[in-house]
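J.: Sharing protein_26.csv, CSV, C-alpha atoms:
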```csv
chain,number,residue,atom,x,y,z
A,1,MET,CA,-16.6,29.6,143.6
A,2,LEU,CA,-16.1,32.9,141.9
A,3,GLY,CA,-12.4,32.5,142.6
A,4,LEU,CA,-12.3,28.9,141.6
A,5,GLY,CA,-14.0,29.7,138.3
A,6,THR,CA,-11.4,32.4,137.7
A,7,TRP,CA,-8.2,30.4,138.2
A,8,GLY,CA,-9.4,26.8,138.4
A,9,PHE,CA,-7.4,25.1,135.6
A,10,GLY,CA,-6.9,21.4,135.2
A,11,GLY,CA,-10.2,20.0,134.2
A,12,PRO,CA,-13.1,18.5,136.3
A,13,VAL,CA,-11.0,16.1,138.4
A,14,ALA,CA,-8.7,19.0,139.5
A,15,LEU,CA,-11.6,21.3,140.2
A,16,VAL,CA,-13.4,18.7,142.3
A,17,GLY,CA,-10.2,18.1,144.3
A,18,MET,CA,-9.8,21.9,144.9
A,19,MET,CA,-13.4,22.0,146.3
A,20,TYR,CA,-12.6,19.2,148.7
A,21,ARG,CA,-9.4,20.8,149.8
A,22,ASP,CA,-10.8,24.3,150.3
A,23,LEU,CA,-14.4,23.7,151.4
A,24,VAL,CA,-14.1,20.5,153.5
A,25,GLU,CA,-10.5,20.4,154.8
A,26,ARG,CA,-9.5,24.0,155.1
A,27,ARG,CA,-12.7,26.0,155.8
A,28,GLY,CA,-14.9,23.3,157.2
A,29,TRP,CA,-18.0,24.7,155.4
A,30,ILE,CA,-19.0,21.4,154.0
A,31,SER,CA,-19.0,18.1,155.8
A,32,ASP,CA,-17.2,15.1,154.3
A,33,GLU,CA,-20.5,13.2,154.1
A,34,ASP,CA,-22.2,16.0,152.2
A,35,TYR,CA,-19.3,16.3,149.8
A,36,LYS,CA,-19.3,12.6,149.0
A,37,GLU,CA,-23.0,12.6,148.4
A,38,GLY,CA,-22.7,15.6,146.1
A,39,LEU,CA,-19.9,13.9,144.2
A,40,ALA,CA,-22.0,10.7,143.8
A,41,LEU,CA,-25.0,12.7,142.5
A,42,ALA,CA,-22.8,14.6,140.1
A,43,GLN,CA,-21.4,11.2,138.7
A,44,LEU,CA,-24.9,9.7,138.4
A,45,MET,CA,-26.8,12.5,136.8
A,46,PRO,CA,-26.1,14.0,133.4
A,47,GLY,CA,-24.2,17.2,133.6
A,48,PRO,CA,-20.5,18.4,133.8
A,49,LEU,CA,-19.0,16.9,137.0
A,50,ALA,CA,-17.4,20.0,138.6
A,51,ALA,CA,-20.3,22.4,137.9
A,52,GLN,CA,-22.9,19.9,139.3
A,53,LEU,CA,-20.8,19.3,142.4
A,54,ALA,CA,-20.5,23.1,142.9
A,55,ILE,CA,-24.2,23.6,142.6
A,56,TYR,CA,-24.9,20.7,145.1
A,57,LEU,CA,-22.5,22.2,147.6
A,58,GLY,CA,-24.3,25.5,147.3
A,59,TYR,CA,-27.6,23.7,147.9
A,60,VAL,CA,-26.4,21.9,151.0
A,61,HIS,CA,-26.9,24.9,153.4
A,62,TYR,CA,-28.8,27.5,151.4
A,63,ARG,CA,-31.0,25.4,149.1
A,64,ILE,CA,-32.2,27.1,145.8
A,65,LEU,CA,-30.6,30.4,146.5
A,66,GLY,CA,-27.2,28.9,147.4
A,67,ALA,CA,-27.3,26.5,144.4
A,68,THR,CA,-28.2,29.4,142.0
A,69,LEU,CA,-25.5,31.8,143.3
A,70,VAL,CA,-22.8,29.2,143.4
A,71,GLY,CA,-23.7,28.0,139.8
A,72,LEU,CA,-23.5,31.6,138.5
A,73,ALA,CA,-20.3,32.4,140.3
A,74,PHE,CA,-18.6,29.2,139.1
A,75,VAL,CA,-19.5,29.7,135.4
A,76,LEU,CA,-19.4,33.5,135.0
A,77,PRO,CA,-15.6,34.0,134.9
A,78,SER,CA,-14.9,31.5,132.2
A,79,PHE,CA,-18.0,32.8,130.3
A,80,CYS,CA,-16.6,36.4,130.3
A,81,MET,CA,-13.2,35.1,129.1
A,82,VAL,CA,-14.8,33.1,126.3
A,83,ILE,CA,-16.8,36.2,125.2
A,84,ALA,CA,-13.5,38.2,125.0
A,85,LEU,CA,-11.7,35.5,123.1
A,86,GLY,CA,-14.7,35.2,120.8
A,87,ALA,CA,-14.5,38.9,120.0
A,88,VAL,CA,-10.8,38.7,119.3
A,89,TYR,CA,-11.3,35.5,117.2
A,90,LEU,CA,-14.0,37.2,115.0
A,91,ALA,CA,-11.9,40.4,114.6
A,92,TYR,CA,-8.6,38.7,113.9
A,93,GLY,CA,-9.4,35.2,112.9
A,94,GLY,CA,-8.2,35.8,109.3
A,95,ILE,CA,-4.8,37.1,110.4
A,96,GLY,CA,-1.9,34.8,110.0
A,97,TRP,CA,-0.9,34.8,113.7
A,98,MET,CA,-4.3,33.7,114.8
A,99,GLN,CA,-4.4,30.9,112.3
A,100,ALA,CA,-0.9,29.8,113.3
A,101,VAL,CA,-1.8,29.7,117.0
A,102,PHE,CA,-4.9,27.5,116.5
A,103,TYR,CA,-2.9,25.4,114.0
A,104,GLY,CA,-0.8,24.2,117.0
A,105,VAL,CA,-3.5,24.3,119.6
A,106,GLY,CA,-5.9,22.2,117.5
A,107,ALA,CA,-3.3,19.3,117.3
A,108,ALA,CA,-2.7,19.4,121.1
A,109,VAL,CA,-6.4,19.4,121.8
A,110,MET,CA,-6.8,16.2,119.8
A,111,GLY,CA,-4.1,14.6,122.0
A,112,ILE,CA,-5.9,15.8,125.1
A,113,ILE,CA,-9.2,14.4,124.0
A,114,ALA,CA,-7.6,11.1,123.1
A,115,MET,CA,-6.1,10.8,126.6
A,116,SER,CA,-9.4,11.8,128.2
A,117,ALA,CA,-11.1,9.0,126.3
A,118,TYR,CA,-8.5,6.5,127.6
A,119,LYS,CA,-8.7,7.7,131.2
A,120,LEU,CA,-12.5,7.7,131.2
A,121,SER,CA,-12.7,4.2,129.8
A,122,SER,CA,-10.1,2.9,132.3
A,123,LYS,CA,-12.0,4.5,135.2
A,124,ASN,CA,-15.6,3.8,134.3
A,125,LEU,CA,-15.6,0.6,132.4
A,126,GLY,CA,-13.3,-1.6,134.4
A,127,LYS,CA,-13.6,-5.3,133.4
A,128,ASP,CA,-17.3,-5.2,132.6
A,129,LYS,CA,-17.6,-6.9,129.2
A,130,LEU,CA,-21.1,-5.4,128.5
A,131,LEU,CA,-19.9,-1.9,129.1
A,132,TRP,CA,-16.8,-2.5,126.9
A,133,ALA,CA,-19.1,-3.8,124.1
A,134,ILE,CA,-21.3,-0.7,124.3
A,135,PHE,CA,-18.2,1.4,124.3
A,136,LEU,CA,-16.9,-0.2,121.1
A,137,LEU,CA,-20.2,-0.2,119.3
A,138,SER,CA,-20.8,3.5,120.2
A,139,ALA,CA,-17.2,4.4,119.0
A,140,ALA,CA,-17.8,2.4,115.7
A,141,PHE,CA,-21.2,4.1,115.2
A,142,THR,CA,-19.6,7.5,115.7
A,143,VAL,CA,-16.8,6.8,113.2
A,144,ALA,CA,-19.1,5.2,110.6
A,145,THR,CA,-21.9,7.9,110.6
A,146,GLU,CA,-19.9,10.9,111.9
A,147,SER,CA,-22.9,11.7,114.1
A,148,GLU,CA,-24.5,11.0,117.4
A,149,LEU,CA,-28.0,9.7,118.2
A,150,VAL,CA,-29.7,10.1,121.5
A,151,SER,CA,-31.3,6.6,121.0
A,152,VAL,CA,-27.8,5.1,121.2
A,153,PHE,CA,-27.2,6.6,124.6
A,154,LEU,CA,-30.7,5.9,126.1
A,155,GLY,CA,-30.7,2.4,124.6
A,156,SER,CA,-27.4,1.7,126.2
A,157,GLY,CA,-28.6,2.8,129.6
A,158,LEU,CA,-31.8,0.7,129.2
A,159,LEU,CA,-29.8,-2.3,128.1
A,160,VAL,CA,-27.5,-2.3,131.2
A,161,TRP,CA,-30.5,-1.6,133.4
A,162,LEU,CA,-32.3,-4.6,132.0
A,163,VAL,CA,-29.3,-6.9,132.2
A,164,ARG,CA,-28.2,-6.0,135.7
A,165,THR,CA,-31.6,-5.6,137.5
A,166,ARG,CA,-33.8,-8.1,135.5
A,167,PRO,CA,-36.9,-6.0,136.4
A,168,LYS,CA,-40.3,-7.6,136.7
A,169,PHE,CA,-41.9,-4.2,135.8
A,170,LYS,CA,-44.4,-4.3,138.7
A,171,GLY,CA,-43.8,-1.4,140.9
A,172,LYS,CA,-40.2,-1.1,139.6
A,173,LEU,CA,-40.5,2.1,137.6
A,174,ASN,CA,-38.9,4.3,140.3
A,175,SER,CA,-35.4,3.3,139.1
A,176,MET,CA,-36.1,5.0,135.8
A,177,ALA,CA,-37.8,8.1,137.1
A,178,LEU,CA,-34.7,10.2,136.8
A,179,ALA,CA,-34.2,9.3,133.1
A,180,GLY,CA,-37.5,11.0,132.2
A,181,PRO,CA,-36.2,14.6,132.3
A,182,VAL,CA,-33.3,13.6,130.0
A,183,LEU,CA,-35.7,12.4,127.3
A,184,ALA,CA,-38.1,15.4,127.8
A,185,VAL,CA,-35.3,18.0,127.4
A,186,SER,CA,-33.9,16.2,124.3
A,187,MET,CA,-37.3,16.5,122.5
A,188,PHE,CA,-36.9,20.3,122.3
A,189,GLY,CA,-34.1,19.7,119.8
A,190,LEU,CA,-36.7,18.5,117.2
A,191,VAL,CA,-38.5,21.8,116.9
A,192,GLU,CA,-37.6,24.5,114.4
A,193,TRP,CA,-37.0,27.9,116.0
A,194,PRO,CA,-35.6,31.3,114.9
A,195,LYS,CA,-31.8,31.5,115.4
A,196,LEU,CA,-31.6,32.1,119.1
A,197,LEU,CA,-34.4,29.7,120.0
A,198,GLU,CA,-32.8,27.1,117.7
A,199,LEU,CA,-29.5,27.6,119.5
A,200,GLY,CA,-31.1,27.4,122.9
A,201,ALA,CA,-33.0,24.2,122.0
A,202,PHE,CA,-29.9,22.5,120.5
A,203,PHE,CA,-27.6,23.3,123.5
A,204,ALA,CA,-30.3,22.3,126.0
A,205,TYR,CA,-30.5,19.0,124.2
A,206,ALA,CA,-26.7,18.6,124.1
A,207,GLY,CA,-26.3,19.7,127.7
A,208,SER,CA,-28.6,17.0,128.9
A,209,PHE,CA,-26.2,14.2,127.9
A,210,VAL,CA,-22.9,15.3,129.4
A,211,PHE,CA,-22.0,12.5,131.8
A,212,GLY,CA,-18.9,13.0,134.0
A,213,SER,CA,-16.6,15.0,131.7
A,214,GLY,CA,-17.2,18.1,129.8
A,215,LEU,CA,-15.5,16.5,126.8
A,216,ALA,CA,-18.4,14.1,126.5
A,217,ILE,CA,-20.3,16.9,124.8
A,218,VAL,CA,-17.7,17.3,122.0
A,219,PRO,CA,-19.1,14.5,119.7
A,220,PHE,CA,-22.7,15.8,120.3
A,221,LEU,CA,-21.6,19.3,119.4
A,222,TYR,CA,-19.6,18.3,116.4
A,223,SER,CA,-22.5,16.3,114.9
A,224,GLY,CA,-25.0,19.1,115.4
A,225,VAL,CA,-23.0,22.3,115.0
A,226,VAL,CA,-20.8,21.3,112.0
A,227,GLN,CA,-22.7,18.5,110.2
A,228,GLU,CA,-26.4,19.1,110.9
A,229,HIS,CA,-26.8,22.9,111.2
A,230,HIS,CA,-23.6,23.9,109.5
A,231,TRP,CA,-23.1,26.8,111.9
A,232,LEU,CA,-19.3,26.3,112.0
A,233,ASN,CA,-16.8,24.5,109.8
A,234,ASP,CA,-14.3,21.9,111.1
A,235,ARG,CA,-11.6,24.4,111.8
A,236,GLN,CA,-13.8,26.8,113.8
A,237,PHE,CA,-15.2,23.9,115.8
A,238,LEU,CA,-11.8,22.7,116.8
A,239,ASP,CA,-10.8,26.2,117.7
A,240,ALA,CA,-13.9,26.4,120.0
A,241,VAL,CA,-12.8,23.3,121.8
A,242,ALA,CA,-9.3,24.8,122.1
A,243,VAL,CA,-10.7,28.0,123.6
A,244,ALA,CA,-12.4,25.9,126.3
A,245,MET,CA,-9.1,24.2,127.0
A,246,ILE,CA,-7.1,27.4,127.6
A,247,THR,CA,-9.7,29.0,129.9
A,248,PRO,CA,-10.3,28.1,133.5
A,249,GLY,CA,-13.6,26.6,134.8
A,250,PRO,CA,-15.8,24.0,133.1
A,251,VAL,CA,-14.8,22.7,129.6
A,252,VAL,CA,-18.5,22.8,128.6
A,253,ILE,CA,-18.2,26.6,128.4
A,254,THR,CA,-17.1,25.9,124.8
A,255,THR,CA,-20.8,26.1,124.0
A,256,ALA,CA,-20.8,29.8,124.8
A,257,PHE,CA,-17.9,30.4,122.3
A,258,ILE,CA,-19.8,28.5,119.6
A,259,GLY,CA,-22.9,30.6,120.4
A,260,PHE,CA,-20.9,33.8,120.1
A,261,LEU,CA,-19.5,32.8,116.7
A,262,VAL,CA,-23.0,31.9,115.4
A,263,ALA,CA,-25.1,34.8,116.8
A,264,GLY,CA,-22.9,37.2,118.7
A,265,PHE,CA,-23.2,38.1,122.4
A,266,TRP,CA,-26.8,37.0,122.8
A,267,GLY,CA,-26.0,33.7,121.0
A,268,ALA,CA,-23.3,33.1,123.7
A,269,VAL,CA,-25.8,33.9,126.5
A,270,VAL,CA,-28.4,31.6,125.1
A,271,ALA,CA,-26.0,28.8,124.4
A,272,GLY,CA,-24.4,29.1,127.8
A,273,VAL,CA,-27.7,29.2,129.7
A,274,ALA,CA,-29.3,26.4,127.7
A,275,THR,CA,-26.3,24.2,128.4
A,276,PHE,CA,-26.2,24.7,132.1
A,277,VAL,CA,-29.9,24.8,133.0
A,278,PRO,CA,-30.3,21.0,132.5
A,279,CYS,CA,-27.2,20.5,134.7
A,280,TYR,CA,-28.7,22.9,137.3
A,281,LEU,CA,-32.1,21.1,137.3
A,282,PHE,CA,-30.6,17.6,137.4
A,283,THR,CA,-28.9,18.7,140.6
A,284,ILE,CA,-31.4,20.6,142.6
A,285,LEU,CA,-34.5,18.4,141.7
A,286,PRO,CA,-33.2,15.0,142.8
A,287,ALA,CA,-31.1,16.4,145.7
A,288,PRO,CA,-33.7,16.1,148.4
A,289,TYR,CA,-34.4,12.5,147.5
A,290,PHE,CA,-30.9,11.4,146.7
A,291,LYS,CA,-30.0,10.0,150.1
A,292,LYS,CA,-33.0,7.7,149.9
A,293,TYR,CA,-33.0,6.6,146.2
A,294,GLY,CA,-29.6,7.6,144.7
A,295,LYS,CA,-27.9,4.2,145.3
A,296,ARG,CA,-30.6,2.0,143.8
A,297,PRO,CA,-29.1,-0.6,141.4
A,298,GLY,CA,-31.4,0.4,138.6
A,299,ILE,CA,-30.3,4.0,138.6
A,300,VAL,CA,-26.6,3.1,138.8
A,301,ALA,CA,-27.0,0.6,136.0
A,302,PHE,CA,-28.7,3.0,133.7
A,303,VAL,CA,-26.1,5.7,134.2
A,304,ASP,CA,-23.3,3.1,133.7
A,305,GLY,CA,-24.7,2.2,130.3
A,306,VAL,CA,-25.1,5.8,129.1
A,307,THR,CA,-21.6,6.6,130.4
A,308,ALA,CA,-20.1,3.7,128.4
A,309,ALA,CA,-21.8,4.9,125.2
A,310,ALA,CA,-20.7,8.5,125.8
A,311,ILE,CA,-17.1,7.5,126.3
A,312,GLY,CA,-17.3,5.4,123.1
A,313,ALA,CA,-18.6,8.5,121.3
A,314,ILE,CA,-15.6,10.5,122.6
A,315,ALA,CA,-13.2,7.9,121.3
A,316,GLY,CA,-15.0,7.8,117.9
A,317,ALA,CA,-14.9,11.6,117.8
A,318,VAL,CA,-11.1,11.5,118.1
A,319,LEU,CA,-10.9,9.7,114.8
A,320,VAL,CA,-13.6,11.7,113.1
A,321,ILE,CA,-12.3,15.2,114.1
A,322,GLY,CA,-8.7,14.1,113.9
A,323,GLN,CA,-9.0,13.4,110.2
A,324,ARG,CA,-9.6,17.1,109.7
A,325,SER,CA,-7.3,18.6,112.3
A,326,ILE,CA,-4.2,16.4,111.8
A,327,SER,CA,-3.2,17.8,108.4
A,328,ASP,CA,0.6,17.2,108.2
A,329,TRP,CA,3.5,15.6,109.9
A,330,LEU,CA,3.9,18.5,112.4
A,331,THR,CA,0.3,18.4,113.7
A,332,ALA,CA,0.6,14.6,113.9
A,333,ALA,CA,3.8,14.9,115.9
A,334,MET,CA,2.2,17.5,118.2
A,335,ALA,CA,-0.8,15.3,118.9
A,336,LEU,CA,1.3,12.3,119.6
A,337,GLY,CA,3.6,14.4,121.8
A,338,THR,CA,0.7,15.6,123.8
A,339,VAL,CA,-0.4,12.0,124.4
A,340,ALA,CA,3.1,11.1,125.4
A,341,ILE,CA,3.4,14.0,127.9
A,342,LEU,CA,0.1,13.3,129.5
A,343,TRP,CA,0.9,9.5,129.7
A,344,ARG,CA,4.3,10.1,131.3
A,345,PHE,CA,3.4,13.0,133.6
A,346,LYS,CA,0.0,12.3,135.0
A,347,LYS,CA,-0.4,15.8,136.6
A,348,ALA,CA,0.9,17.8,133.6
A,349,PRO,CA,-1.2,21.0,133.4
A,350,GLU,CA,-3.2,20.9,130.2
A,351,PRO,CA,-3.4,24.7,129.8
A,352,LEU,CA,0.4,24.8,129.8
A,353,ILE,CA,0.5,22.1,127.1
A,354,VAL,CA,-2.0,24.0,125.0
A,355,LEU,CA,0.1,27.2,125.5
A,356,LEU,CA,3.3,25.4,124.3
A,357,ALA,CA,1.4,24.1,121.3
A,358,ALA,CA,0.2,27.6,120.5
A,359,LEU,CA,3.8,28.9,120.6
A,360,ILE,CA,5.0,26.0,118.3
A,361,GLY,CA,2.2,26.7,115.9
A,362,TRP,CA,2.9,30.4,115.9
A,363,ALA,CA,6.6,29.8,115.2
A,364,LEU,CA,6.4,27.1,112.5
A,365,TYR,CA,3.0,27.6,110.8
A,366,PRO,CA,4.1,30.6,108.5
A,367,GLY,CA,7.2,28.7,107.3
A,368,LEU,CA,5.2,25.6,106.4
A,369,ARG,CA,2.7,27.6,104.4
A,370,VAL,CA,5.3,29.7,102.6
A,371,GLY,CA,7.2,26.6,101.7
```
Now that the file is in, can you turn its structure into structure tokens?

T.:
Amino acid sequence: MLGLGTWGFGGPVALVGMMYRDLVERRGWISDEDYKEGLALAQLMPGPLAAQLAIYLGYVHYRILGATLVGLAFVLPSFCMVIALGAVYLAYGGIGWMQAVFYGVGAAVMGIIAMSAYKLSSKNLGKDKLLWAIFLLSAAFTVATESELVSVFLGSGLLVWLVRTRPKFKGKLNSMALAGPVLAVSMFGLVEWPKLLELGAFFAYAGSFVFGSGLAIVPFLYSGVVQEHHWLNDRQFLDAVAVAMITPGPVVITTAFIGFLVAGFWGAVVAGVATFVPCYLFTILPAPYFKKYGKRPGIVAFVDGVTAAAIGAIAGAVLVIGQRSISDWLTAAMALGTVAILWRFKKAPEPLIVLLAALIGWALYPGLRVG
């Protein structure tokens, strides 16, 4: 996992595939059944997909110790890279070449997020009219208010649960038992703390609602980091997402970069830990009971509803953030070009696209500004 976290580019789907290839097929350390159960749990519970699967696979043979060591090993390489990039960013962010690089990268990232929203909706919503309605309403709400509300996500999960299971509420509360920790963790975001505690509370709250893809956290972060707390401006936020795109490991590590910009090294530590602790707990706590209860229709329905709302929020965030990052014809062309490449070449490596966008931005940004 330390190696995978160091050179594991390609996003959650690629990382999950590498785990199967290396741990199940090549080494035989994990059985096919255990892998599939871990993947199902990672998809059902809130948390970044690849990180949760890694933690579960560590739990399979060595329980809490294995889950803890694997989780740390998987996240630590990208965390260190983000800290280094954060230091460079703060030291040289005002220099022209740094601005030029992120000018190009920001446009490419918008294209990547747009394609992710498309892929997630195609994969998770299918032909379910209710899920599509939730998706559209969540996207519209995000665009109209430029913010996210937990009640929209929880309400969506409850709605699908009610529609699909039609519960009688007598002895049927077990299907909602796993939703309790989500609500409990989110309440910490309502308390006023000194800077580090405030960072920790916010990122624990945000990290509790990442379903399936690390990009699901982007609209949450934008609403809180830029609009509510005013820790970063629009440009800095998009740069933070870009940093996560060009580093290996989980995309959610962007929270550590944001924490570094807000409060230095300890801000990065607090933001990173607060983001991944919910993911860790949502894996090891239900793991012993997952074989018995994980496939209950009520739990699946609730997660489907929350996922549809989260994907809608990602789609809405593309429009909200895009208004600020797509500033001229070149950035618009780069964003559309990114979408076209990812559409035509399904396995095109996203870090390579981001690198190419950085080079284009570096080459053309100064000329545009001088002109």

J.: Which one is closest to Glu37 (chain A): A:Ala240, A:Tyr56, A:Leu49, A:Phe141? Count all atoms listed in the file.

T.: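 Among the listed residues, A:Tyr56 lies closest to Glu37 (chain A).
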
J.: Calculate how many Å separate CA of Gly47 (chain A) from CA of Tyr89 (chain A), rounding to one decimal.

T.: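 Answer for the CA of Gly47 (chain A) to CA of Tyr89 (chain A) separation: 27.8 Å.
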
J.: Neighbouring residues of Gly259 (chain A) were defined as those with any atom within 8 Å, considering all atoms listed in the file; residues of the same chain fewer than 4 positions away were excluded. Please report them as a list in words.

T.: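 Listed by chain and then number, they are Leu199, Thr255, Ala263, Gly264, Phe265, Trp266, Gly267, Ala268, Val269, Val270, Ala271 and Gly272 of chain A.
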
J.: Name the closest residue to Ile217 (chain A) among the candidates A:Gly155, A:Pro286, A:Ile113, A:Leu261; distances are taken between atoms, counting all atoms listed in the file.

T.: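 Residue with the minimum atom-to-atom distance to Ile217 (chain A): A:Ile113.
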
J.: How far is it from CA of Val339 (chain A) to CA of Ser116 (chain A), in Å with one decimal?

T.: 9.8 Å

J.: When distances are computed from only C-alpha atoms, which of A:Gly111, A:Gly157, A:Pro248, A:Pro48 shows the smallest separation from Met1 (chain A)?

T.: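 The shortest atom-to-atom distance to Met1 (chain A) comes from A:Pro248.
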
J.: What lies within 12 Å of Ala332 (chain A) using all atoms listed in the file, ignoring chain neighbours under 2 positions off, as a VMD selection string?

T.: chain A and resid 103 to 111 322 to 330 334 to 339

J.: Might you pull out every residue within 8 Å of region 342-354 of chain A, with all atoms listed in the file counted and same-chain residues fewer than 5 positions away left off, and present them as a list in words?

T.: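 The filter keeps Phe9, Gly10, Val105, Ala108, Val109, Ile112, Met115, Ala242, Met245, Ile246 and Thr247 of chain A.
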
J.: Fewer than 4 positions away in the same chain doesn't count, so skip those; otherwise give me all residues within 7 Å of region 160-165 of chain A, counting all atoms listed in the file, as a compact mmCIF listing (two decimals) with C-alpha atoms, in the frame of the given file.

T.:
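For reference, around-v7.txt as written:
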```
# COMPACT_ATOMS: atom_id res chain seq x y z
CA SER A 156 -27.40 1.70 126.20
CA PRO A 297 -29.10 -0.60 141.40
CA GLY A 298 -31.40 0.40 138.60
CA ALA A 301 -27.00 0.60 136.00
CA PHE A 302 -28.70 3.00 133.70
CA GLY A 305 -24.70 2.20 130.30
```

J.: Have a look at A:Phe276, A:Tyr35, A:Phe153, A:Tyr118 and name the one nearest to Asp22 (chain A); count only C-alpha atoms.

T.: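 Of A:Phe276, A:Tyr35, A:Phe153, A:Tyr118, the one nearest Asp22 (chain A) is A:Tyr35, counting only C-alpha atoms.
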
J.: Please measure the separation of CA of Ala67 (chain A) and CA of Ile258 (chain A), giving the value in Å to one decimal.

T.: 26.0 Å

J.: Restricting the calculation to all atoms listed in the file: of A:Leu57, A:Val16, A:Met45, A:Ala244, which residue gets closest to Ile30 (chain A)?

T.: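 The answer is A:Leu57, which sits nearest to Ile30 (chain A).
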
J.: Extract, using all atoms listed in the file, all DNA, RNA and protein residues at most 10 Å from Ala51 (chain A), discarding same-chain residues fewer than 5 positions from it, and format them as a list of chain:residue names.

T.: A:Met1, A:Gly5, A:Pro12, A:Leu15, A:Val16, A:Ala42, A:Tyr56, A:Leu57, A:Val70, A:Gly71, A:Leu72, A:Phe74, A:Val75, A:Gly214, A:Gly249, A:Pro250, A:Val251, A:Val252, A:Phe276, A:Cys279, A:Tyr280, A:Thr283

J.: For Leu120 (chain A), which residue out of A:Pro77, A:Leu44, A:Ala308, A:Ala87 is the nearest one, using only C-alpha atoms?

T.: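 Among the listed residues, A:Ala308 lies closest to Leu120 (chain A).
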
J.: Put the listed atoms of region 295-302 of chain A in a box along x, y and z with 6 Å added on every side and give me the centre and edge lengths in Å to one decimal, as JSON.

T.:
```
{"center_x": -29.0, "center_y": 1.8, "center_z": 139.5, "size_x": 16.8, "size_y": 16.8, "size_z": 23.6}
```
